[in-house]
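One file, query30.csv, is given below (CSV, C-alpha atoms and all ligand atoms).
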chain,number,residue,atom,x,y,z
A,176,MET,CA,12.0,-4.3,18.8
A,177,PRO,CA,13.2,-6.7,16.2
A,178,VAL,CA,13.0,-5.7,12.5
A,179,ALA,CA,12.9,-8.0,9.5
A,180,ARG,CA,16.1,-8.4,7.5
A,181,ILE,CA,17.0,-9.5,4.0
A,182,VAL,CA,20.4,-11.2,4.1
A,183,THR,CA,21.2,-12.0,0.5
A,184,GLU,CA,20.4,-10.2,-2.7
A,185,HIS,CA,19.0,-13.5,-3.9
A,186,GLU,CA,16.3,-13.2,-1.3
A,187,ALA,CA,15.4,-9.8,-2.6
A,188,ASP,CA,15.2,-11.2,-6.2
A,189,GLU,CA,12.8,-13.9,-5.0
A,190,ILE,CA,10.5,-11.5,-3.3
A,191,ALA,CA,10.4,-9.2,-6.3
A,192,ALA,CA,9.9,-12.1,-8.7
A,193,ALA,CA,7.0,-13.4,-6.7
A,194,LEU,CA,5.3,-10.0,-6.5
A,195,HIS,CA,5.9,-9.3,-10.2
A,196,ALA,CA,4.4,-12.7,-11.1
A,197,GLU,CA,1.2,-11.7,-9.2
A,198,MET,CA,0.9,-8.2,-10.6
A,199,PRO,CA,3.1,-7.6,-13.6
A,200,TRP,CA,1.4,-4.2,-14.3
A,201,MET,CA,2.9,-2.9,-11.1
A,202,ALA,CA,6.4,-3.5,-12.4
A,203,LEU,CA,7.6,0.1,-11.7
A,204,ALA,CA,6.7,-0.2,-8.0
A,205,THR,CA,8.0,-3.7,-7.7
A,206,GLU,CA,11.3,-2.6,-9.3
A,207,ALA,CA,11.7,0.3,-6.9
A,208,VAL,CA,11.3,-2.0,-3.9
A,209,TRP,CA,13.6,-4.6,-5.4
A,210,HIS,CA,16.4,-2.1,-5.7
A,211,GLY,CA,16.0,-1.0,-2.1
A,212,LEU,CA,15.9,-4.5,-0.8
A,213,ARG,CA,19.0,-5.5,-2.8
A,214,ALA,CA,20.9,-2.4,-1.5
A,215,SER,CA,19.9,-3.2,2.0
A,216,ALA,CA,21.2,-6.7,1.7
A,217,ARG,CA,24.4,-5.6,0.0
A,218,GLU,CA,25.2,-3.0,2.7
A,219,GLY,CA,24.5,-5.6,5.4
A,220,LEU,CA,21.9,-3.4,7.1
A,221,SER,CA,20.1,-4.8,10.1
A,222,GLY,CA,16.8,-4.2,8.4
A,223,PHE,CA,15.6,-3.2,5.0
A,224,ARG,CA,14.4,0.0,3.6
A,225,PHE,CA,13.3,1.3,0.2
A,226,SER,CA,12.5,4.9,-0.6
A,227,PRO,CA,9.0,5.9,0.4
A,228,LEU,CA,6.7,5.3,-2.6
A,229,VAL,CA,3.8,7.3,-3.9
A,230,LEU,CA,1.9,5.1,-6.4
A,231,VAL,CA,-0.1,7.3,-8.7
A,232,GLY,CA,-2.6,5.5,-10.9
A,233,SER,CA,-6.3,5.1,-11.8
A,234,PRO,CA,-8.6,3.8,-9.1
A,235,GLY,CA,-8.9,0.0,-9.1
A,236,ILE,CA,-5.6,-0.9,-10.7
A,237,GLY,CA,-4.6,-2.7,-7.5
A,238,LYS,CA,-2.3,-0.1,-5.7
A,239,SER,CA,-3.6,-0.9,-2.2
A,240,HIS,CA,-3.7,-4.7,-3.0
A,241,TRP,CA,-0.1,-4.5,-4.2
A,242,ALA,CA,1.0,-2.8,-1.0
A,243,ARG,CA,-0.7,-5.5,1.1
A,244,ARG,CA,0.9,-8.3,-1.0
A,245,LEU,CA,4.3,-6.6,-0.6
A,246,ALA,CA,3.9,-6.7,3.2
A,247,HIS,CA,2.9,-10.4,2.9
A,248,HIS,CA,6.0,-11.3,0.9
A,249,LEU,CA,8.3,-9.2,3.2
A,250,ALA,CA,6.6,-10.8,6.2
A,251,VAL,CA,6.1,-7.5,8.0
A,252,PRO,CA,3.0,-6.2,9.7
A,253,THR,CA,1.1,-3.4,8.0
A,254,THR,CA,-1.0,-0.5,9.2
A,255,MET,CA,-3.4,1.2,6.7
A,256,ILE,CA,-4.5,4.7,6.9
A,257,ASP,CA,-7.1,6.4,4.8
A,258,ALA,CA,-6.0,9.9,4.2
A,259,THR,CA,-9.5,11.0,3.4
A,260,GLY,CA,-10.5,10.3,7.0
A,261,GLU,CA,-10.4,13.8,8.6
A,262,PRO,CA,-7.8,13.4,11.3
A,263,ALA,CA,-5.4,11.3,9.2
A,264,ALA,CA,-2.3,13.0,10.7
A,265,PHE,CA,-3.4,12.3,14.2
A,266,GLY,CA,-4.3,8.8,13.1
A,267,ILE,CA,-0.7,8.0,12.1
A,268,VAL,CA,1.4,9.8,14.7
A,269,GLY,CA,-1.0,10.3,17.5
A,270,SER,CA,-1.7,13.4,19.5
A,271,GLN,CA,-0.2,15.0,22.5
A,272,ARG,CA,-1.0,13.7,25.9
A,273,GLY,CA,-3.5,16.0,27.6
A,274,TRP,CA,-5.5,16.7,24.5
A,275,PHE,CA,-9.1,15.6,24.4
A,276,ASN,CA,-9.1,12.0,23.1
A,277,ALA,CA,-5.3,11.8,23.1
A,278,THR,CA,-3.9,8.5,21.9
A,279,PRO,CA,-0.6,7.2,20.5
A,280,GLY,CA,-0.8,6.9,16.7
A,281,LYS,CA,-1.5,3.8,14.6
A,282,LEU,CA,2.1,3.5,13.7
A,283,LEU,CA,3.4,3.1,17.2
A,284,GLN,CA,0.4,1.1,18.2
A,285,THR,CA,1.2,-1.4,15.4
A,286,ILE,CA,4.8,-1.5,16.5
A,287,LEU,CA,3.9,-2.3,20.1
A,288,ARG,CA,1.1,-4.7,19.2
A,289,GLU,CA,3.1,-6.7,16.7
A,290,ARG,CA,6.4,-6.3,18.6
A,291,HIS,CA,8.0,-5.4,15.2
A,292,GLY,CA,10.1,-2.3,14.6
A,293,GLY,CA,9.7,-2.2,10.8
A,294,PRO,CA,6.0,-2.3,9.7
A,295,LEU,CA,4.8,-1.2,6.3
A,296,VAL,CA,2.6,1.9,6.5
A,297,ILE,CA,0.0,2.2,3.7
A,298,VAL,CA,-1.5,5.6,3.3
A,299,ASP,CA,-4.4,5.5,0.9
A,300,GLU,CA,-5.4,8.5,-1.3
A,301,VAL,CA,-2.8,10.8,0.1
A,302,GLU,CA,-3.5,13.5,-2.4
A,303,LYS,CA,-7.0,14.0,-0.9
A,304,SER,CA,-6.1,14.8,2.7
A,305,GLY,CA,-6.9,18.4,3.5
A,306,ASP,CA,-5.5,20.6,6.2
A,307,ILE,CA,-7.1,20.5,9.6
A,308,HIS,CA,-7.5,23.4,11.9
A,309,SER,CA,-7.7,22.8,15.6
A,310,SER,CA,-9.3,25.0,18.1
A,311,LYS,CA,-5.9,26.6,18.7
A,312,GLY,CA,-5.5,27.3,15.1
A,313,THR,CA,-2.6,25.1,14.5
A,314,ARG,CA,-2.1,23.3,11.2
A,315,HIS,CA,-1.8,19.6,11.4
A,316,ALA,CA,-1.7,18.6,7.7
A,317,LEU,CA,-0.9,15.0,7.0
A,318,THR,CA,2.2,16.1,5.2
A,319,ASP,CA,3.6,17.9,8.2
A,320,ALA,CA,3.2,14.8,10.3
A,321,LEU,CA,4.7,12.5,7.6
A,322,LEU,CA,7.8,14.5,6.6
A,323,PRO,CA,10.0,13.8,9.7
A,324,LEU,CA,9.1,10.1,9.4
A,325,LEU,CA,10.0,9.9,5.8
A,326,GLU,CA,13.6,11.0,6.1
A,327,ARG,CA,15.9,8.5,7.6
A,328,MET,CA,17.9,10.9,9.8
A,329,THR,CA,14.8,12.5,11.4
A,330,ALA,CA,12.9,9.2,11.6
A,331,ALA,CA,15.7,7.7,13.7
A,332,THR,CA,15.0,10.2,16.5
A,333,TRP,CA,11.3,10.7,16.0
A,334,GLU,CA,9.5,11.7,19.2
A,335,CYS,CA,6.1,10.2,19.9
A,336,PRO,CA,3.8,13.1,20.9
A,337,PHE,CA,1.8,10.9,23.2
A,338,PHE,CA,4.5,9.0,25.1
A,339,GLN,CA,7.0,11.8,24.6
A,340,ILE,CA,9.9,9.4,24.1
A,341,LYS,CA,12.2,9.1,21.2
A,342,CYS,CA,11.7,6.1,18.9
A,343,ASP,CA,13.7,4.8,16.0
A,344,MET,CA,11.2,4.8,13.1
A,345,SER,CA,13.9,4.5,10.4
A,346,TRP,CA,13.0,0.9,9.6
A,347,VAL,CA,9.4,1.7,8.8
A,348,ASN,CA,8.7,1.5,5.1
A,349,TRP,CA,6.0,3.6,3.3
A,350,VAL,CA,3.7,3.1,0.4
A,351,MET,CA,1.3,5.9,-0.3
A,352,THR,CA,-1.3,5.8,-3.1
A,353,ALA,CA,-2.9,8.6,-5.1
A,354,ASN,CA,-5.3,8.7,-8.0
A,355,SER,CA,-3.5,11.6,-9.6
A,356,ARG,CA,-0.5,13.9,-9.0
A,357,GLN,CA,-2.9,16.8,-8.6
A,358,GLY,CA,-3.1,17.7,-4.9
A,359,LEU,CA,0.1,15.9,-4.0
A,360,PRO,CA,2.0,18.3,-1.8
A,361,GLU,CA,5.4,19.3,-3.2
A,362,PRO,CA,7.4,18.4,0.0
A,363,LEU,CA,5.9,15.0,-0.2
A,364,GLN,CA,6.8,14.6,-3.8
A,365,SER,CA,10.4,15.6,-3.2
A,366,ARG,CA,10.9,13.0,-0.5
A,367,CYS,CA,9.3,10.1,-2.2
A,368,ALA,CA,9.6,8.1,-5.4
A,369,VAL,CA,6.5,9.2,-7.2
A,370,LEU,CA,5.6,6.4,-9.7
A,371,GLU,CA,3.0,6.8,-12.4
A,372,LEU,CA,1.5,3.4,-13.0
A,373,PRO,CA,-0.3,2.5,-16.2
A,374,ASP,CA,-3.8,1.1,-16.5
A,375,LEU,CA,-4.1,-2.6,-17.2
A,376,THR,CA,-4.2,-3.6,-20.8
A,377,PRO,CA,-7.3,-5.6,-21.8
A,378,ASP,CA,-5.0,-8.7,-22.0
A,379,GLN,CA,-3.8,-8.2,-18.5
A,380,LEU,CA,-7.4,-7.9,-17.3
A,381,ARG,CA,-8.4,-11.0,-19.2
A,382,HIS,CA,-5.5,-12.9,-17.6
A,383,PHE,CA,-6.4,-11.6,-14.2
A,384,ALA,CA,-10.1,-12.7,-14.7
A,385,LYS,CA,-8.9,-16.2,-15.8
A,386,LYS,CA,-6.6,-16.6,-12.9
A,387,GLU,CA,-9.0,-15.4,-10.3
A,388,GLY,CA,-11.8,-17.4,-11.8
A,389,ALA,CA,-9.7,-20.6,-11.5
A,390,ARG,CA,-8.7,-19.7,-7.9
A,391,ARG,CA,-12.3,-19.3,-7.0
A,392,ASP,CA,-13.3,-22.6,-8.7
A,393,LEU,CA,-15.9,-20.9,-11.0
A,394,PRO,CA,-17.7,-23.5,-13.1
A,395,ALA,CA,-16.8,-23.7,-16.7
A,396,PRO,CA,-20.0,-22.1,-18.1
A,397,ALA,CA,-19.5,-19.1,-15.8
A,398,MET,CA,-15.9,-18.8,-16.9
A,399,ALA,CA,-16.9,-19.0,-20.6
A,400,ALA,CA,-19.5,-16.3,-20.1
A,401,LEU,CA,-16.9,-14.1,-18.5
A,402,MET,CA,-14.3,-14.7,-21.2
A,403,ASP,CA,-17.0,-13.8,-23.8
A,404,VAL,CA,-17.0,-10.3,-22.2
A,405,PHE,CA,-13.3,-9.9,-22.9
A,406,ASP,CA,-13.4,-11.6,-26.3
A,407,CYS,CA,-16.1,-9.5,-27.8
A,408,GLY,CA,-13.8,-6.5,-27.7
A,409,ALA,CA,-16.3,-4.3,-25.9
A,410,ILE,CA,-14.1,-3.7,-22.9
A,411,ILE,CA,-11.4,-1.7,-24.7
A,412,ASN,CA,-13.1,1.6,-23.9
A,413,SER,CA,-15.3,0.6,-21.1
A,414,GLY,CA,-13.0,1.6,-18.2
A,415,LEU,CA,-12.8,-1.9,-16.7
A,416,SER,CA,-10.5,-2.2,-13.8
A,417,LEU,CA,-9.5,-4.9,-11.3
A,418,ARG,CA,-12.3,-3.6,-9.1
A,419,THR,CA,-15.0,-4.1,-11.7
A,420,VAL,CA,-13.6,-7.4,-12.9
A,421,SER,CA,-13.5,-8.5,-9.2
A,422,ARG,CA,-17.2,-7.6,-8.9
A,423,MET,CA,-18.0,-9.5,-12.1
A,424,LEU,CA,-16.3,-12.6,-10.5
A,425,ASP,CA,-18.3,-12.1,-7.3
A,426,ARG,CA,-21.5,-12.0,-9.2
A,427,ALA,CA,-20.6,-15.1,-11.2
A,428,GLN,CA,-19.6,-16.9,-8.0
A,429,THR,CA,-23.0,-16.0,-6.3
A,430,LEU,CA,-24.9,-17.2,-9.4
A,431,ALA,CA,-23.0,-20.4,-9.5
A,432,CYS,CA,-23.7,-21.1,-5.9
A,433,GLN,CA,-27.4,-20.5,-6.1
A,434,PRO,CA,-29.6,-23.6,-5.6
A,435,MET,CA,-31.5,-24.7,-8.7
A,436,LEU,CA,-35.1,-23.7,-8.7
A,437,ASN,CA,-37.6,-26.1,-10.2
B,1,LIG,N1,-3.8,-9.4,-7.8
B,1,LIG,C1,-5.0,-9.3,-7.3
B,1,LIG,N2,-5.7,-10.5,-7.0
B,1,LIG,C2,-6.9,-10.4,-6.5
B,1,LIG,N3,-7.7,-9.3,-6.3
B,1,LIG,C3,-7.1,-8.2,-6.6
B,1,LIG,C4,-5.7,-8.1,-7.1
B,1,LIG,N4,-5.4,-6.8,-7.3
B,1,LIG,C5,-6.5,-6.1,-7.0
B,1,LIG,N5,-7.5,-6.9,-6.6
B,1,LIG,C6,-8.9,-6.5,-6.2
B,1,LIG,O1,-9.3,-5.4,-7.0
B,1,LIG,C7,-9.9,-4.4,-6.3
B,1,LIG,C8,-9.2,-3.1,-6.6
B,1,LIG,O2,-7.9,-3.1,-6.0
B,1,LIG,P1,-7.3,-1.9,-5.1
B,1,LIG,O3,-6.0,-2.4,-4.6
B,1,LIG,O4,-8.3,-1.5,-4.1
B,1,LIG,O5,-7.1,-0.8,-6.2
B,1,LIG,P2,-6.6,0.7,-6.0
B,1,LIG,O6,-6.0,0.8,-4.6
B,1,LIG,O7,-5.6,0.9,-7.1
B,1,LIG,O8,-7.8,1.6,-6.2
B,1,LIG,C9,-9.9,-4.8,-4.9
B,1,LIG,O9,-11.2,-5.3,-4.6
B,1,LIG,C10,-8.8,-5.9,-4.8
B,1,LIG,O10,-9.1,-6.8,-3.8
B,2,MG,MG,-6.7,1.9,-3.0
Once you've parsed the file, please lay out its structure as structure tokens.
Amino acid sequence: MPVARIVTEHEADEIAAALHAEMPWMALATEAVWHGLRASAREGLSGFRFSPLVLVGSPGIGKSHWARRLAHHLAVPTTMIDATGEPAAFGIVGSQRGWFNATPGKLLQTILRERHGGPLVIVDEVEKSGDIHSSKGTRHALTDALLPLLERMTAATWECPFFQIKCDMSWVNWVMTANSRQGLPEPLQSRCAVLELPDLTPDQLRHFAKKEGARRDLPAPAMAALMDVFDCGAIINSGLSLRTVSRMLDRAQTLACQPMLN
């Protein structure tokens, strides 16, 4: 399978700059990727890798969105896994042939479907995945499934439990998200770059609302009403996030598109 490559450090700079311009509050994460991409180019690797990331931050600051935008700029396919879904471990790596409902995991399915050896795996809310106990009493925690994939040496000779063949997964990159450090398994923390991301400042939220409003072509009165919300200072302690601002934009858009009733 082909993997995507970054040939020059300049290319890495451009990707990081584009991502940073879109979401400056995610600077810590963008910087970590940037260093990995530059190193991959410098060392002339046949693909690129950055250390597996765990993005820790409040809900709604755009962690998942950032990961999707990263994949977009890197031009690699993604597979998203919600760790709160019960069999998240099976979801990623698949289960042994012969088991009830056995399938290959989402990771290998993505590689085969996209014909690309280096997708970005996004694991959402990784701190919330609990242990699963099968009828045979085996533990299949998400962490157990992830650990061999997160380390380059073991990832290079990873064996798919379903097809029972060795696959080189060392070009797969990982972004996990968590709302807090609490519940993050220690072995995961020690193998990943755990980055604590700040909440957006009121100014950053305002800027986001303005930019998104313009992108959605909101009429001027709707934009003015929205900006009033930011300017009256009420938002400082209101716990607004990108998610709530997105919803406000949705509502403004719906109102703006409603036919006039006479
Ligand atoms: N840069 C952005 N541009 C447009 N929408 C965004 C952006 N960042 C986040 N959003 C939207 O804000 C909401 C929250 O983002 P999300 O990535 O789900 O946050 P988190 O994963 O941190 O909880 C989503 O609906 C997402 O589509
Ligand atoms: Mg999320």
Which residues of stretch 329-392 of chain A come within 6 Å of stretch 272-296 of chain A, and for each one, what is the closest pair of atoms and their distance in Å to one decimal, counting only C-alpha atoms, sorted by chain and residue number, as JSON lines?
{"residue": "A:Phe337", "atom": "CA", "partner": "A:Arg272", "partner_atom": "CA", "distance": 4.8}
{"residue": "A:Trp346", "atom": "CA", "partner": "A:Gly293", "partner_atom": "CA", "distance": 4.7}
{"residue": "A:Val347", "atom": "CA", "partner": "A:Gly293", "partner_atom": "CA", "distance": 4.4}
{"residue": "A:Asn348", "atom": "CA", "partner": "A:Leu295", "partner_atom": "CA", "distance": 4.9}
{"residue": "A:Trp349", "atom": "CA", "partner": "A:Val296", "partner_atom": "CA", "distance": 5.0}
Measure the distance from atom CA of A:Ala399 to atom CA of A:Arg244 in Å and round it to one decimal.
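Going from atom CA of A:Ala399 over to atom CA of A:Arg244 covers 28.6 Å.
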Find the nearest atom pair between each residue of chain A and ligand LIG 1 (chain B) for residues within 8 Å, count only C-alpha atoms and all ligand atoms, give distances in Å to one decimal, sort rows by chain and ascending number, and present the table as JSON lines.
{"residue": "A:Glu197", "atom": "CA", "partner": "B:LIG1", "partner_atom": "N1", "distance": 5.7}
{"residue": "A:Met198", "atom": "CA", "partner": "B:LIG1", "partner_atom": "N1", "distance": 5.6}
{"residue": "A:Gly232", "atom": "CA", "partner": "B:LIG1", "partner_atom": "O7", "distance": 6.7}
{"residue": "A:Ser233", "atom": "CA", "partner": "B:LIG1", "partner_atom": "O7", "distance": 6.3}
{"residue": "A:Pro234", "atom": "CA", "partner": "B:LIG1", "partner_atom": "O8", "distance": 3.7}
{"residue": "A:Gly235", "atom": "CA", "partner": "B:LIG1", "partner_atom": "O8", "distance": 3.5}
{"residue": "A:Ile236", "atom": "CA", "partner": "B:LIG1", "partner_atom": "O7", "distance": 4.0}
{"residue": "A:Gly237", "atom": "CA", "partner": "B:LIG1", "partner_atom": "O3", "distance": 3.2}
{"residue": "A:Lys238", "atom": "CA", "partner": "B:LIG1", "partner_atom": "O7", "distance": 3.7}
{"residue": "A:Ser239", "atom": "CA", "partner": "B:LIG1", "partner_atom": "O3", "distance": 3.7}
{"residue": "A:His240", "atom": "CA", "partner": "B:LIG1", "partner_atom": "O3", "distance": 3.6}
{"residue": "A:Trp241", "atom": "CA", "partner": "B:LIG1", "partner_atom": "O3", "distance": 6.3}
{"residue": "A:Ala242", "atom": "CA", "partner": "B:LIG1", "partner_atom": "O3", "distance": 7.9}
{"residue": "A:Asp299", "atom": "CA", "partner": "B:LIG1", "partner_atom": "O6", "distance": 7.4}
{"residue": "A:Thr352", "atom": "CA", "partner": "B:LIG1", "partner_atom": "O6", "distance": 7.0}
{"residue": "A:Asn354", "atom": "CA", "partner": "B:LIG1", "partner_atom": "O8", "distance": 7.7}
{"residue": "A:Phe383", "atom": "CA", "partner": "B:LIG1", "partner_atom": "N1", "distance": 7.2}
{"residue": "A:Glu387", "atom": "CA", "partner": "B:LIG1", "partner_atom": "C2", "distance": 6.6}
{"residue": "A:Ser416", "atom": "CA", "partner": "B:LIG1", "partner_atom": "C8", "distance": 7.4}
{"residue": "A:Leu417", "atom": "CA", "partner": "B:LIG1", "partner_atom": "O1", "distance": 4.3}
{"residue": "A:Arg418", "atom": "CA", "partner": "B:LIG1", "partner_atom": "C7", "distance": 3.8}
{"residue": "A:Thr419", "atom": "CA", "partner": "B:LIG1", "partner_atom": "C7", "distance": 7.4}
{"residue": "A:Val420", "atom": "CA", "partner": "B:LIG1", "partner_atom": "O1", "distance": 7.6}
{"residue": "A:Ser421", "atom": "CA", "partner": "B:LIG1", "partner_atom": "O1", "distance": 5.7}
{"residue": "A:Arg422", "atom": "CA", "partner": "B:LIG1", "partner_atom": "O9", "distance": 7.7}
Compile the contact shell of stretch 200-217 of chain A as a count of residues only: residues with an atom at most 9 Å away, counting all atoms listed in the file, same-chain residues fewer than 5 positions apart removed.
35
Grab the atom CA of A:Pro336 to atom CA of A:Leu322 distance for me, in Å with one decimal place.
14.9 Å
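Restricting the calculation to all atoms listed in the file, the smallest distance between ligand MG 2 (chain B) and any of A:Thr259, A:Ser345, A:Thr253, A:Thr332 is found for A:Thr259.
Atom CA of A:Leu321 lies 11.5 Å from atom CA of A:Met344.
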Between A:Met351, A:Phe265, A:Arg356, A:Ile297, which one has atoms that come closest to A:Asp319, using all atoms listed in the file?
A:Phe265
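Nearest residue to A:Cys342, choosing from A:Ile256, A:Val301, A:Leu324, A:Ala193 and counting only C-alpha atoms: A:Leu324.
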Given only C-alpha atoms and all ligand atoms as the counted atoms, nearest of A:Val350, A:Arg426, A:Leu380, A:Ala389 to ligand MG 2 (chain B)
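When distances to ligand MG 2 (chain B) are compared using only C-alpha atoms and all ligand atoms, the smallest one comes from A:Val350.
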With all atoms listed in the file as the counted atoms, please give the residues lying no more than 12 Å from A:Leu424, apart from itself and same-chain residues fewer than 6 positions off, as a ChimeraX atom specification.
/A:381,383-394,397-402,404,417-418,430-431
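Distances from A:Ala246, A:Pro262, A:Thr254, A:Ala353 to ligand MG 2 (chain B) were compared using all atoms listed in the file, and the smallest one belongs to A:Ala353.
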From the list A:Leu359, A:Gly269, A:Thr429, A:Ala179, which residue is nearest A:Glu300 when using only C-alpha atoms?
A:Leu359
